[in-house]
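Asker: Questions regarding the structure given below will be posed in turn.
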Amino acid sequence: MLDTTIQSVYTLPPDKLAKALVLYHAGNWAYFGGTAWTIFALWLLLRLGAGSAICNLAARLTPRRWLQGLIVAPLWLLILTMLDLPISLALHRLNLRYGISVEPWSMWWTDFGKSLALTLVFGTVILGVLYALIRRSPRRWWLWLWILALPVEAVAVFIIPIVIDPMFDHFSPLAKADPALVDQLERVSARGHLTIPPSRMYVMDASAKVTGPNAYVTGFGASKRIVVWDTTIREMPISQILAVYGHEQGHYVLHHIPKGMLFFAAVMFIFFWLAFRILHWVVPSIENSWHISSLDDWSSLGLILLLVTVLSFFADPIGNAFSRHIEHQADVYGEEVVHGLVPDPQATMAQSFQRLGELWLDVPHPNRFIVFWTYSHPPTADRMRFAASYDPWAPGKHPRYVSPQ
Ligand SMILES: [Zn+2]
């Protein structure tokens with residue numbers, strides 16, 4: 001008898017499992033250890049008087065407060081980046097050694113330089129606005145900051161794929177790189193009663209840096225697009241590419257980008273208010289020992305960055321829980337939309353997760369707490385088990401998003 005059971009358990013051969021475990025533990029150490037290190041180092045710098053020392057340096061160079069900000073803010077942002085640099089270097093070295101990355105160090109340093117420049121420019125503008133608001137509205141600055149952040153968030157999501165992403169990677173129209181694939185993908189979009197014009201499909205030359213496949217949806221309104229990495233085309237058979245694409249189309253059809261922006265706005269509202277409460281409670285009691293003149297003085301910037309680091313750490317599991325939720329929805333949509341286009345959607349989806357997991361060296365059994373805190377996607381094993389068993393076409397059942405043909 002032919003064995004038609006779909007493989008539903010994600011496993012790795014022993015050599016890959018050993019590598020996956022090293023990468024998994026290194027990633028966890030880098031994240032949790034790196035956060036603890038940044039918090040400790042910022043605390044130490046502040047206790048040693050770095051807040052007032054940097055301000056005094058700026059005051060010696062210029063008497064104007066806004067010009068002082070143009071010295072103090074980039075200096076602190078540079079300190080923050082440098083605190084994280086050793087961890088980034090160690091992770092890149094490990095990814096190179098295990099073949100996850102193929103990015104030469106020269107290219108890595110160029111990318112690092114560009115992202116540092118962006119951090120310094122945009123970070124300084126944002127911090128400048130923050131201090132202007134604190135000075136003008138000591139009780140309501142957090143609310144004004146949030147109101148200002150909303151259009152900035154929309155503009156950022158809009159321009160990132162057009163302006164920022166091309167600074168780091170090369171994109172070209174998928175129709176030019178692989179017209180046959182565009183035809184196949186259009187069958188998937190037609191199946192979902194959706195017309196994604198080929199002009200919205202791009203291929204990214206990811207193979208210059210990494211070996212694993214990926215695809216994603218990005219942008220907003222007129223800049224919204226689907227990006228497929230060239231590694232996906234190279235590493236996966238067409239049926240699996242369609243499954244991966246179906247998942248991405250799910251993000252597009254289910255409006256995950258605007259929903260994500262709304263969610264992010266709600267989280268920002270809570271965290272800005274929390275930051276306001278904490279700062280107004282903590283600053284008066286530590287002003288002297290931490291060498292801070294007042295909250296609206298540039299000497300408080302190190303403390304603000306310390307608080308942002310702590311709050312971001314606690315925001316991560318919230319954002320990741322939301323992300324895992326929409327990723328699961330996209331998995332459901334992806335499997336439904338390729339039904340009738342690939343021979344066996346359950347097997348195709350399950351095999352694509354096995355392939356993705358092997359190429360990215362995902363561990364089969366991540367710790368539940370690590371998943372809760374750091375995973376933006378459900379673990380590969382969970383996605384694969386679900387894909388293999390999901391059968392909304394069985395008698396008496398109904399697909400959730402895509403009606404059967
Ligand atoms: Zn996704």
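Ordered as shown in the structure tokens, chains take letters A, B, and onward, while each chain numbers its residues from 1 and ligands are numbered from 1 in the order shown.
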What's the 7 Å shell around stretch 199-206 of chain A, counting only C-alpha atoms, without same-chain residues fewer than 2 positions away, as a JSON list (two decimals) with N, CA and C atoms, in the first residue's frame?

Answerer:
[["chain", "number", "residue", "atom", "x", "y", "z"],
["A", 169, "ASP", "N", 19.43, 46.96, -0.07],
["A", 169, "ASP", "CA", 19.34, 45.80, -0.95],
["A", 169, "ASP", "C", 18.88, 46.22, -2.33],
["A", 170, "HIS", "N", 19.15, 45.34, -3.30],
["A", 170, "HIS", "CA", 18.76, 45.65, -4.68],
["A", 170, "HIS", "C", 17.43, 44.99, -5.00],
["A", 171, "PHE", "N", 16.50, 45.81, -5.52],
["A", 171, "PHE", "CA", 15.17, 45.30, -5.89],
["A", 171, "PHE", "C", 14.96, 45.50, -7.39],
["A", 172, "SER", "N", 14.29, 44.54, -8.00],
["A", 172, "SER", "CA", 13.93, 44.72, -9.40],
["A", 172, "SER", "C", 12.55, 44.11, -9.63],
["A", 173, "PRO", "N", 11.87, 44.55, -10.69],
["A", 173, "PRO", "CA", 10.53, 44.00, -10.94],
["A", 173, "PRO", "C", 10.60, 42.50, -11.18],
["A", 174, "LEU", "N", 9.73, 41.76, -10.51],
["A", 174, "LEU", "CA", 9.72, 40.31, -10.67],
["A", 174, "LEU", "C", 9.40, 39.93, -12.11],
["A", 196, "ILE", "N", -3.33, 41.83, -7.99],
["A", 196, "ILE", "CA", -2.10, 42.50, -7.58],
["A", 196, "ILE", "C", -1.32, 42.68, -8.87],
["A", 197, "PRO", "N", -1.21, 43.92, -9.36],
["A", 197, "PRO", "CA", -0.51, 44.10, -10.63],
["A", 197, "PRO", "C", 0.94, 43.64, -10.53],
["A", 208, "ALA", "N", 22.98, 37.95, -2.07],
["A", 208, "ALA", "CA", 24.26, 38.63, -1.83],
["A", 208, "ALA", "C", 24.60, 38.58, -0.34],
["A", 209, "LYS", "N", 23.59, 38.34, 0.51],
["A", 209, "LYS", "CA", 23.83, 38.40, 1.96],
["A", 209, "LYS", "C", 23.47, 37.12, 2.71],
["A", 210, "VAL", "N", 22.37, 36.49, 2.32],
["A", 210, "VAL", "CA", 21.90, 35.32, 3.09],
["A", 210, "VAL", "C", 21.64, 34.14, 2.16],
["A", 225, "ARG", "N", 3.61, 46.59, -1.63],
["A", 225, "ARG", "CA", 4.20, 45.67, -2.59],
["A", 225, "ARG", "C", 4.49, 44.31, -1.97],
["A", 226, "ILE", "N", 4.62, 43.33, -2.84],
["A", 226, "ILE", "CA", 5.04, 41.99, -2.40],
["A", 226, "ILE", "C", 6.47, 41.78, -2.88],
["A", 227, "VAL", "N", 7.32, 41.38, -1.96],
["A", 227, "VAL", "CA", 8.73, 41.17, -2.28],
["A", 227, "VAL", "C", 9.07, 39.70, -2.09],
["A", 228, "VAL", "N", 9.66, 39.09, -3.11],
["A", 228, "VAL", "CA", 10.12, 37.71, -3.01],
["A", 228, "VAL", "C", 11.64, 37.74, -3.10],
["A", 229, "TRP", "N", 12.31, 37.07, -2.15],
["A", 229, "TRP", "CA", 13.77, 37.02, -2.22],
["A", 229, "TRP", "C", 14.21, 36.07, -3.33],
["A", 230, "ASP", "N", 15.31, 36.40, -3.99],
["A", 230, "ASP", "CA", 15.81, 35.51, -5.05],
["A", 230, "ASP", "C", 16.21, 34.14, -4.50],
["A", 231, "THR", "N", 16.54, 34.08, -3.20],
["A", 231, "THR", "CA", 16.88, 32.80, -2.57],
["A", 231, "THR", "C", 15.67, 31.86, -2.56]]

Asker: Can I get the residues close to ligand 1 as a PyMOL selection string, where close means within 7 Å and we count only C-alpha atoms and all ligand atoms?

Answerer: chain A and resi 216+247-248+251+327+330

Asker: Go ahead and save the residues from that selection, with N, CA and C atoms, as a PDB file, in the first residue's frame.

Answerer:
ATOM      1  N   TYR A 216       7.893  38.876   1.658  1.00  0.00           N
ATOM      2  CA  TYR A 216       7.147  39.705   2.604  1.00  0.00           C
ATOM      3  C   TYR A 216       6.314  40.760   1.877  1.00  0.00           C
ATOM      4  N   HIS A 247       0.733  32.870   1.388  1.00  0.00           N
ATOM      5  CA  HIS A 247       0.818  33.427   2.747  1.00  0.00           C
ATOM      6  C   HIS A 247       0.984  34.955   2.680  1.00  0.00           C
ATOM      7  N   GLU A 248       1.884  35.417   1.812  1.00  0.00           N
ATOM      8  CA  GLU A 248       2.115  36.872   1.683  1.00  0.00           C
ATOM      9  C   GLU A 248       0.863  37.580   1.174  1.00  0.00           C
ATOM     10  N   HIS A 251      -1.456  38.406   3.901  1.00  0.00           N
ATOM     11  CA  HIS A 251      -1.185  39.669   4.613  1.00  0.00           C
ATOM     12  C   HIS A 251      -1.796  40.844   3.853  1.00  0.00           C
ATOM     13  N   GLU A 327       0.283  36.199  11.598  1.00  0.00           N
ATOM     14  CA  GLU A 327       1.037  35.224  10.795  1.00  0.00           C
ATOM     15  C   GLU A 327       0.246  33.924  10.673  1.00  0.00           C
ATOM     16  N   ALA A 330      -2.392  34.418   8.112  1.00  0.00           N
ATOM     17  CA  ALA A 330      -1.819  34.357   6.755  1.00  0.00           C
ATOM     18  C   ALA A 330      -1.521  32.912   6.357  1.00  0.00           C
TER      19      ALA A 330
END

Asker: Taking the backbone alone, and naming residues the way the document does, which bits of stretch 7-206 of chain A are helix (DSSP H, G or I) by DSSP, as an MDAnalysis selection string?

Answerer: chainID A and resid 14:47 50:61 65:97 105:136 141:168 174:177 179:191 198:200 206

Asker: Counting only C-alpha atoms, give me one row per residue of stretch 210-273 of chain A with an atom at most 8 Å from an atom of stretch 301-319 of chain A, showing the shortest contact pair and its distance in Å to one decimal, sorted by chain then residue number, as a tab-separated table.

Answerer:
residue	atom	partner	partner_atom	distance
A:Phe264	CA	A:Gly319	CA	7.7
A:Val267	CA	A:Ala315	CA	7.8
A:Phe271	CA	A:Leu311	CA	7.1

Asker: Taking only stretch 198-395 of chain A into account, list the residues labelled strand (DSSP E) by DSSP (computed from the backbone), as number ranges by chain.

Answerer: A: 201-204, 215-218, 225-229

Asker: Please produce a file of those selected residues containing C-alpha atoms, as a PDB file, in the first residue's frame.

Answerer:
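Result written to out02.pdb:
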ATOM      1  CA  MET A 201       5.788  42.355  -7.284  1.00  0.00           C
ATOM      2  CA  TYR A 202       9.508  42.686  -6.711  1.00  0.00           C
ATOM      3  CA  VAL A 203      12.441  40.359  -6.404  1.00  0.00           C
ATOM      4  CA  MET A 204      15.159  41.226  -3.873  1.00  0.00           C
ATOM      5  CA  ALA A 215       9.047  36.825   1.048  1.00  0.00           C
ATOM      6  CA  TYR A 216       7.147  39.705   2.604  1.00  0.00           C
ATOM      7  CA  VAL A 217       4.560  42.422   2.115  1.00  0.00           C
ATOM      8  CA  THR A 218       5.565  45.995   2.785  1.00  0.00           C
ATOM      9  CA  ARG A 225       4.197  45.666  -2.595  1.00  0.00           C
ATOM     10  CA  ILE A 226       5.041  41.993  -2.397  1.00  0.00           C
ATOM     11  CA  VAL A 227       8.733  41.172  -2.285  1.00  0.00           C
ATOM     12  CA  VAL A 228      10.123  37.707  -3.013  1.00  0.00           C
ATOM     13  CA  TRP A 229      13.775  37.025  -2.219  1.00  0.00           C
TER      14      TRP A 229
END

Asker: Hey, which of A:Ile292, A:Ile160, A:Leu42, A:Leu96 ends up closest to A:Leu80? Count only C-alpha atoms.

Answerer: A:Leu42

Asker: Name the residues in contact with A:Pro237 at a cut-off of 12 Å, using only C-alpha atoms, excluding same-chain residues fewer than 3 positions from it; report them as a VMD selection string.

Answerer: chain A and resid 181 213 231 to 234 240 to 244 342 348 to 349 351 to 352 355 to 356
